[in-house]
Number of protein chains: 2
Amino acid sequence: MNPRMWIQRGVCLFVLLLTVSAFGQDSKRTVQERLGYPATARLLVIHADDLGMAHSVDKATFEALEKGWVTSASILVPCPWLPEVAHWTQSHSNADLGIHLALNSEWTSYRWGPVSPRDKVPSLLDEQGYMPLLETAVAQRAKAPEVEMELRAQIERARSFGIPLTHFDTHMGALNQTPELVSVYWHMGREYKLPILMERAEGAHHPQGGPPDQDAAFIDQVISINPGIDKKDWLKTYEQLLAPLKPGVYQMIVHLAYDDEEMRAVSWDHPDWGAAWRQADFEMVGSSEFRQFLKEQGFVLVGWKELARALPANYGQSQNK
Amino acid sequence: MNPRMWIQRGVCLFVLLLTVSAFGQDSKRTVQERLGYPATARLLVIHADDLGMAHSVDKATFEALEKGWVTSASILVPCPWLPEVAHWTQSHSNADLGIHLALNSEWTSYRWGPVSPRDKVPSLLDEQGYMPLLETAVAQRAKAPEVEMELRAQIERARSFGIPLTHFDTHMGALNQTPELVSVYWHMGREYKLPILMERAEGAHHPQGGPPDQDAAFIDQVISINPGIDKKDWLKTYEQLLAPLKPGVYQMIVHLAYDDEEMRAVSWDHPDWGAAWRQADFEMVGSSEFRQFLKEQGFVLVGWKELARALPANYGQSQNK
């Protein structure tokens, strides 16, 4: 072996060691560190769900995104107002928008069906041809290949509208209901090389006994409120959930809309996550009290575009379904 | 032949002559006479289109139906608010409701697709998988067997919701665009034994050179206003269209909704038949001036349930496609 070959081999070995070391470090470093923040930082995505569901939702969410009251939102692609969202993104191409992958249509007066052909996804339909009202019906009946077809159809429709996408999440948590569904969810993120919303602990639901790549689960905990909160306690409740959080990465989920005719008609028999709830969330995220609270607490507000920079270099290269 | 057989034959001949004579008379008698009104009567259906399209449309139309400001309405089955309509009909089972057979989705911010599986009706879709914006696109591309499949899917979905149906009509006149589409439209009425909205003159578009049964075309003329009317001239314009009408059967078509956030967002780039237009129609049909005008003019207000009583006895028995 001549000296030139020795040098070549040496360079290769060095690069290999460097790569292994970087990956090794990455799996030990926190997400906030991988993004260049100190280990003590608390990163917070303030996320608005259900964009495209109703005009009332769109209008409130557009305002909150434009004013920085929320840092990200995700779109319900099967809903009729998707084109309104697509039109808005043309003049807001930097908006942090994902897809709220949907297998449910939860309101009784106002409903939607799948994007894929109905005869191809019979396990995703209720008896009237809509997506079912409840996430438990998805868990019981949805077949994984049909779920995968439908999720892909939703993603492709959003892409056909030219909407730049930053992440995927799961409407009503339907994709976290069974190990099989979790697997499809993980797979879609990898196929499109986009991060998905999943709490680190939820990764354990993966059918292989653990997430195939824990490094791609960024969120330590999702922060959201449950039904039963008085409107006067709205801000206080969120503050009590956020204040004690340790260093890490969090997603606070809000549901924005106005308490108007349209939203009241959508949610007429279901006050939870309904019109008044959404108006309360909207007022809260926009309030100077809440903005001041976040500042005092030192939360670092981030979106999914920024979180995606912490994805492992080999993310999506091997399809661990 | 014994006397009993002679009597039997005589009775048969008498019944046959009576039937022939009744049909002969029927084809000569006007629709108003067939319904028991004098030949000089002017019958008027005041008809609200697009029920189910948006909550704003539903709310205004429900009020107009409940107060008798309109006598009939028709439903856009592919739209997401269909379940709201179905729910309302449970407590208004006598409402005169038809299906607004739809092959178009005409608003740019808010869209819907077919009820039948998308892969079965490719000629009914635009490049984004919705029904096309314009009726001319339907005329150019829609294939008759796919149109028939989709119309049947819309009718069956409405029936699956338990909505009692009185008639069919055609959203944006798409089914009057070509002889082939007219033929499908006629066929659907006959298959379900329900009258369809078609002006007598339009019957001539039928591909066989004339309507197969002119007796089933009840409407002498559709009365509707065109774009470009000033709101202050709204009532006057309708009155000028209605006042000179001769004895016969007419359908006045209105488009009801409120000029509210939802309806303005639906029609943001298309003021014709938009939010302000619909509010003007709503105020007009409910105004005491218009109610007084109808009374003074002696119009007899009817719905499609009543018109259906004038259908030929053999309607739907032979399928003249």
# chains A, B, ... in the order shown; residues from 1 in each chain; ligands from 1
call {"tool": "residues_around", "arguments": {"residues": "Trp107 of chain B", "least_positions_apart": "2", "cutoff": "7 Å", "atoms": "only C-alpha atoms", "output": "NGL selection string"}}
result
:B and (105 or 109-111 or 133 or 266-267)
call {"tool": "write_last_selection", "arguments": {"atoms": "N, CA, C and O atoms", "output": "mmCIF file, in the first residue's frame"}}
result
data_model
loop_
_atom_site.group_PDB
_atom_site.id
_atom_site.type_symbol
_atom_site.label_atom_id
_atom_site.label_comp_id
_atom_site.auth_asym_id
_atom_site.auth_seq_id
_atom_site.Cartn_x
_atom_site.Cartn_y
_atom_site.Cartn_z
ATOM 1 N N SER B 105 -69.116 23.597 -8.457
ATOM 2 C CA SER B 105 -68.710 24.147 -7.163
ATOM 3 C C SER B 105 -68.121 25.509 -7.517
ATOM 4 O O SER B 105 -66.978 25.597 -7.949
ATOM 5 N N SER B 109 -63.120 30.228 -2.825
ATOM 6 C CA SER B 109 -62.528 30.059 -1.486
ATOM 7 C C SER B 109 -63.102 28.854 -0.753
ATOM 8 O O SER B 109 -62.563 28.446 0.284
ATOM 9 N N TYR B 110 -64.188 28.315 -1.275
ATOM 10 C CA TYR B 110 -65.010 27.343 -0.537
ATOM 11 C C TYR B 110 -65.538 26.358 -1.564
ATOM 12 O O TYR B 110 -66.319 26.731 -2.440
ATOM 13 N N ARG B 111 -65.097 25.108 -1.489
ATOM 14 C CA ARG B 111 -65.421 24.209 -2.587
ATOM 15 C C ARG B 111 -65.862 22.834 -2.104
ATOM 16 O O ARG B 111 -65.614 22.443 -0.972
ATOM 17 N N LEU B 133 -65.718 25.083 -11.550
ATOM 18 C CA LEU B 133 -66.295 26.388 -11.232
ATOM 19 C C LEU B 133 -67.437 26.760 -12.181
ATOM 20 O O LEU B 133 -68.423 27.357 -11.756
ATOM 21 N N VAL B 266 -67.473 33.393 1.371
ATOM 22 C CA VAL B 266 -67.775 32.454 0.279
ATOM 23 C C VAL B 266 -67.714 33.184 -1.067
ATOM 24 O O VAL B 266 -67.138 32.701 -2.036
ATOM 25 N N SER B 267 -68.311 34.378 -1.114
ATOM 26 C CA SER B 267 -68.511 35.065 -2.401
ATOM 27 C C SER B 267 -67.591 36.264 -2.573
ATOM 28 O O SER B 267 -67.897 37.170 -3.344
#
call {"tool": "interface_residues", "arguments": {"of": "chain A", "to": "chain B", "cutoff": "10 Å", "atoms": "only C-alpha atoms", "output": "MDAnalysis selection string"}}
result
chainID A and resid 52 54:56 59 78:88 107:121 127:130 157:158 160:161 260:266
call {"tool": "closest_residue", "arguments": {"among": "B:His171, B:Lys67, B:Lys246, B:Arg34", "to": "Phe299 of chain B", "atoms": "only C-alpha atoms"}}
result
B:Lys246
call {"tool": "residues_around", "arguments": {"residues": "Val138 of chain B", "least_positions_apart": "6", "cutoff": "8 Å", "atoms": "only C-alpha atoms", "output": "short mmCIF file (atom, residue, chain, number, x, y, z; two decimals) with N, CA and C atoms, in the first residue's frame"}}
result
data_model
loop_
_atom_site.label_atom_id
_atom_site.label_comp_id
_atom_site.auth_asym_id
_atom_site.auth_seq_id
_atom_site.Cartn_x
_atom_site.Cartn_y
_atom_site.Cartn_z
N LEU B 103 -73.50 19.91 -10.40
CA LEU B 103 -72.29 19.47 -11.10
C LEU B 103 -71.22 20.55 -11.05
N ASN B 104 -71.50 21.63 -10.29
CA ASN B 104 -70.53 22.73 -10.17
C ASN B 104 -70.30 23.08 -8.71
N LEU B 124 -66.19 14.68 -14.10
CA LEU B 124 -66.93 15.69 -13.33
C LEU B 124 -66.01 16.53 -12.46
N PRO B 132 -66.22 21.46 -11.15
CA PRO B 132 -65.66 22.67 -11.77
C PRO B 132 -66.42 23.95 -11.41
N ALA B 174 -76.71 23.65 -15.22
CA ALA B 174 -75.72 22.79 -15.89
C ALA B 174 -76.38 21.67 -16.70
#
call {"tool": "residues_around", "arguments": {"residues": "segment 304-306 of chain B", "least_positions_apart": "5", "cutoff": "8 Å", "atoms": "only C-alpha atoms", "output": "list in words"}}
result
Leu35, Val45, Ser72, Asp96, Thr166, His167 and Pro195 of chain B
call {"tool": "write_last_selection", "arguments": {"atoms": "all heavy atoms", "output": "PDB file, in the first residue's frame"}}
result
ATOM      1  N   LEU B  35    -104.857  21.202 -11.941  1.00  0.00           N
ATOM      2  CA  LEU B  35    -104.751  21.282 -10.472  1.00  0.00           C
ATOM      3  C   LEU B  35    -106.022  21.852  -9.835  1.00  0.00           C
ATOM      4  O   LEU B  35    -106.070  22.064  -8.623  1.00  0.00           O
ATOM      5  CB  LEU B  35    -103.541  22.140 -10.089  1.00  0.00           C
ATOM      6  CG  LEU B  35    -102.179  21.512 -10.398  1.00  0.00           C
ATOM      7  CD1 LEU B  35    -101.064  22.530 -10.192  1.00  0.00           C
ATOM      8  CD2 LEU B  35    -101.937  20.271  -9.539  1.00  0.00           C
ATOM      9  N   VAL B  45     -94.490  29.476  -7.988  1.00  0.00           N
ATOM     10  CA  VAL B  45     -93.594  28.868  -7.000  1.00  0.00           C
ATOM     11  C   VAL B  45     -92.549  29.940  -6.661  1.00  0.00           C
ATOM     12  O   VAL B  45     -91.895  30.459  -7.567  1.00  0.00           O
ATOM     13  CB  VAL B  45     -92.868  27.637  -7.578  1.00  0.00           C
ATOM     14  CG1 VAL B  45     -91.958  27.005  -6.519  1.00  0.00           C
ATOM     15  CG2 VAL B  45     -93.855  26.617  -8.124  1.00  0.00           C
ATOM     16  N   SER B  72     -90.954  26.862  -1.668  1.00  0.00           N
ATOM     17  CA  SER B  72     -90.165  25.666  -1.962  1.00  0.00           C
ATOM     18  C   SER B  72     -88.681  26.047  -1.955  1.00  0.00           C
ATOM     19  O   SER B  72     -88.320  27.220  -2.069  1.00  0.00           O
ATOM     20  CB  SER B  72     -90.568  25.124  -3.336  1.00  0.00           C
ATOM     21  OG  SER B  72     -89.910  23.912  -3.602  1.00  0.00           O
ATOM     22  N   ASP B  96     -91.476  21.915   1.532  1.00  0.00           N
ATOM     23  CA  ASP B  96     -91.419  21.541   0.117  1.00  0.00           C
ATOM     24  C   ASP B  96     -89.950  21.633  -0.326  1.00  0.00           C
ATOM     25  O   ASP B  96     -89.430  22.725  -0.579  1.00  0.00           O
ATOM     26  CB  ASP B  96     -92.298  22.535  -0.656  1.00  0.00           C
ATOM     27  CG  ASP B  96     -92.670  22.034  -2.031  1.00  0.00           C
ATOM     28  OD1 ASP B  96     -91.832  22.159  -2.951  1.00  0.00           O
ATOM     29  OD2 ASP B  96     -93.784  21.523  -2.195  1.00  0.00           O
ATOM     30  N   THR B 166     -89.606  16.605  -3.058  1.00  0.00           N
ATOM     31  CA  THR B 166     -90.759  16.993  -3.885  1.00  0.00           C
ATOM     32  C   THR B 166     -90.402  17.190  -5.358  1.00  0.00           C
ATOM     33  O   THR B 166     -91.274  17.129  -6.209  1.00  0.00           O
ATOM     34  CB  THR B 166     -91.367  18.313  -3.363  1.00  0.00           C
ATOM     35  OG1 THR B 166     -90.326  19.311  -3.337  1.00  0.00           O
ATOM     36  CG2 THR B 166     -91.932  18.135  -1.961  1.00  0.00           C
ATOM     37  N   HIS B 167     -89.131  17.447  -5.675  1.00  0.00           N
ATOM     38  CA  HIS B 167     -88.767  17.759  -7.068  1.00  0.00           C
ATOM     39  C   HIS B 167     -87.249  17.784  -7.226  1.00  0.00           C
ATOM     40  O   HIS B 167     -86.502  17.742  -6.246  1.00  0.00           O
ATOM     41  CB  HIS B 167     -89.336  19.116  -7.476  1.00  0.00           C
ATOM     42  CG  HIS B 167     -88.732  20.281  -6.727  1.00  0.00           C
ATOM     43  ND1 HIS B 167     -88.910  20.475  -5.373  1.00  0.00           N
ATOM     44  CD2 HIS B 167     -87.940  21.306  -7.139  1.00  0.00           C
ATOM     45  CE1 HIS B 167     -88.277  21.568  -4.989  1.00  0.00           C
ATOM     46  NE2 HIS B 167     -87.667  22.092  -6.033  1.00  0.00           N
ATOM     47  N   PRO B 195     -91.310  15.503 -10.257  1.00  0.00           N
ATOM     48  CA  PRO B 195     -91.232  16.511 -11.318  1.00  0.00           C
ATOM     49  C   PRO B 195     -89.866  17.201 -11.314  1.00  0.00           C
ATOM     50  O   PRO B 195     -89.219  17.299 -10.268  1.00  0.00           O
ATOM     51  CB  PRO B 195     -92.340  17.499 -10.940  1.00  0.00           C
ATOM     52  CG  PRO B 195     -92.553  17.321  -9.472  1.00  0.00           C
ATOM     53  CD  PRO B 195     -92.229  15.887  -9.162  1.00  0.00           C
TER      54      PRO B 195
END
call {"tool": "select_by_dssp", "arguments": {"residues": "segment 176-292 of chain B", "states": "strand (DSSP E or B)", "output": "list in words"}}
result
Ile196, Glu199, Ile219, Gln221, Val222, Ile223, Gly248, Val249, Tyr250, Gln251, Met252, Ile253 and Val254 of chain B
call {"tool": "atom_distance", "arguments": {"atom1": "atom CA of Ala153 of chain A", "atom2": "atom CA of Glu106 of chain A"}}
result
19.9 Å
call {"tool": "atom_distance", "arguments": {"atom1": "atom CA of Gly274 of chain A", "atom2": "atom CA of Ala73 of chain A"}}
result
17.7 Å
call {"tool": "closest_residue", "arguments": {"among": "B:Gln317, B:Ile223, B:Glu289, B:Lys231", "to": "His187 of chain B", "atoms": "only C-alpha atoms"}}
result
B:Gln317
call {"tool": "residues_around", "arguments": {"residues": "Ser123 of chain A", "least_positions_apart": "5", "cutoff": "7 Å", "atoms": "only C-alpha atoms", "output": "list in words"}}
result
Arg141, Ala142 and Lys143 of chain A
call {"tool": "write_last_selection", "arguments": {"atoms": "C-alpha atoms", "output": "short mmCIF file (atom, residue, chain, number, x, y, z; two decimals), in the first residue's frame"}}
result
data_model
loop_
_atom_site.label_atom_id
_atom_site.label_comp_id
_atom_site.auth_asym_id
_atom_site.auth_seq_id
_atom_site.Cartn_x
_atom_site.Cartn_y
_atom_site.Cartn_z
CA ARG A 141 -62.57 0.16 11.96
CA ALA A 142 -59.86 1.96 9.98
CA LYS A 143 -57.58 -0.32 7.98
#
call {"tool": "closest_residue", "arguments": {"among": "B:Gly173, B:Ala41, B:Phe168, B:Glu296", "to": "Leu134 of chain B", "atoms": "only C-alpha atoms"}}
result
B:Gly173
call {"tool": "residues_around", "arguments": {"residues": "Leu311 of chain B", "least_positions_apart": "5", "cutoff": "9 Å", "atoms": "only C-alpha atoms", "output": "tab-separated table (two decimals) with C-alpha atoms, in the first residue's frame"}}
result
chain	number	residue	atom	x	y	z
B	193	LYS	CA	-91.25	9.80	-10.26
B	194	LEU	CA	-90.63	13.41	-9.23
B	195	PRO	CA	-91.23	16.51	-11.32
B	215	ASP	CA	-97.27	17.19	-19.86
B	216	ALA	CA	-94.52	16.81	-17.25
B	217	ALA	CA	-92.98	20.22	-17.99
B	218	PHE	CA	-95.02	22.45	-15.72
call {"tool": "atom_distance", "arguments": {"atom1": "atom CA of Ser224 of chain B", "atom2": "atom CA of Met53 of chain B"}}
result
19.4 Å
call {"tool": "residues_around", "arguments": {"residues": "Leu43 of chain B", "least_positions_apart": "4", "cutoff": "7 Å", "atoms": "only C-alpha atoms", "output": "PyMOL selection string"}}
result
chain B and resi 32+248-250+299-302
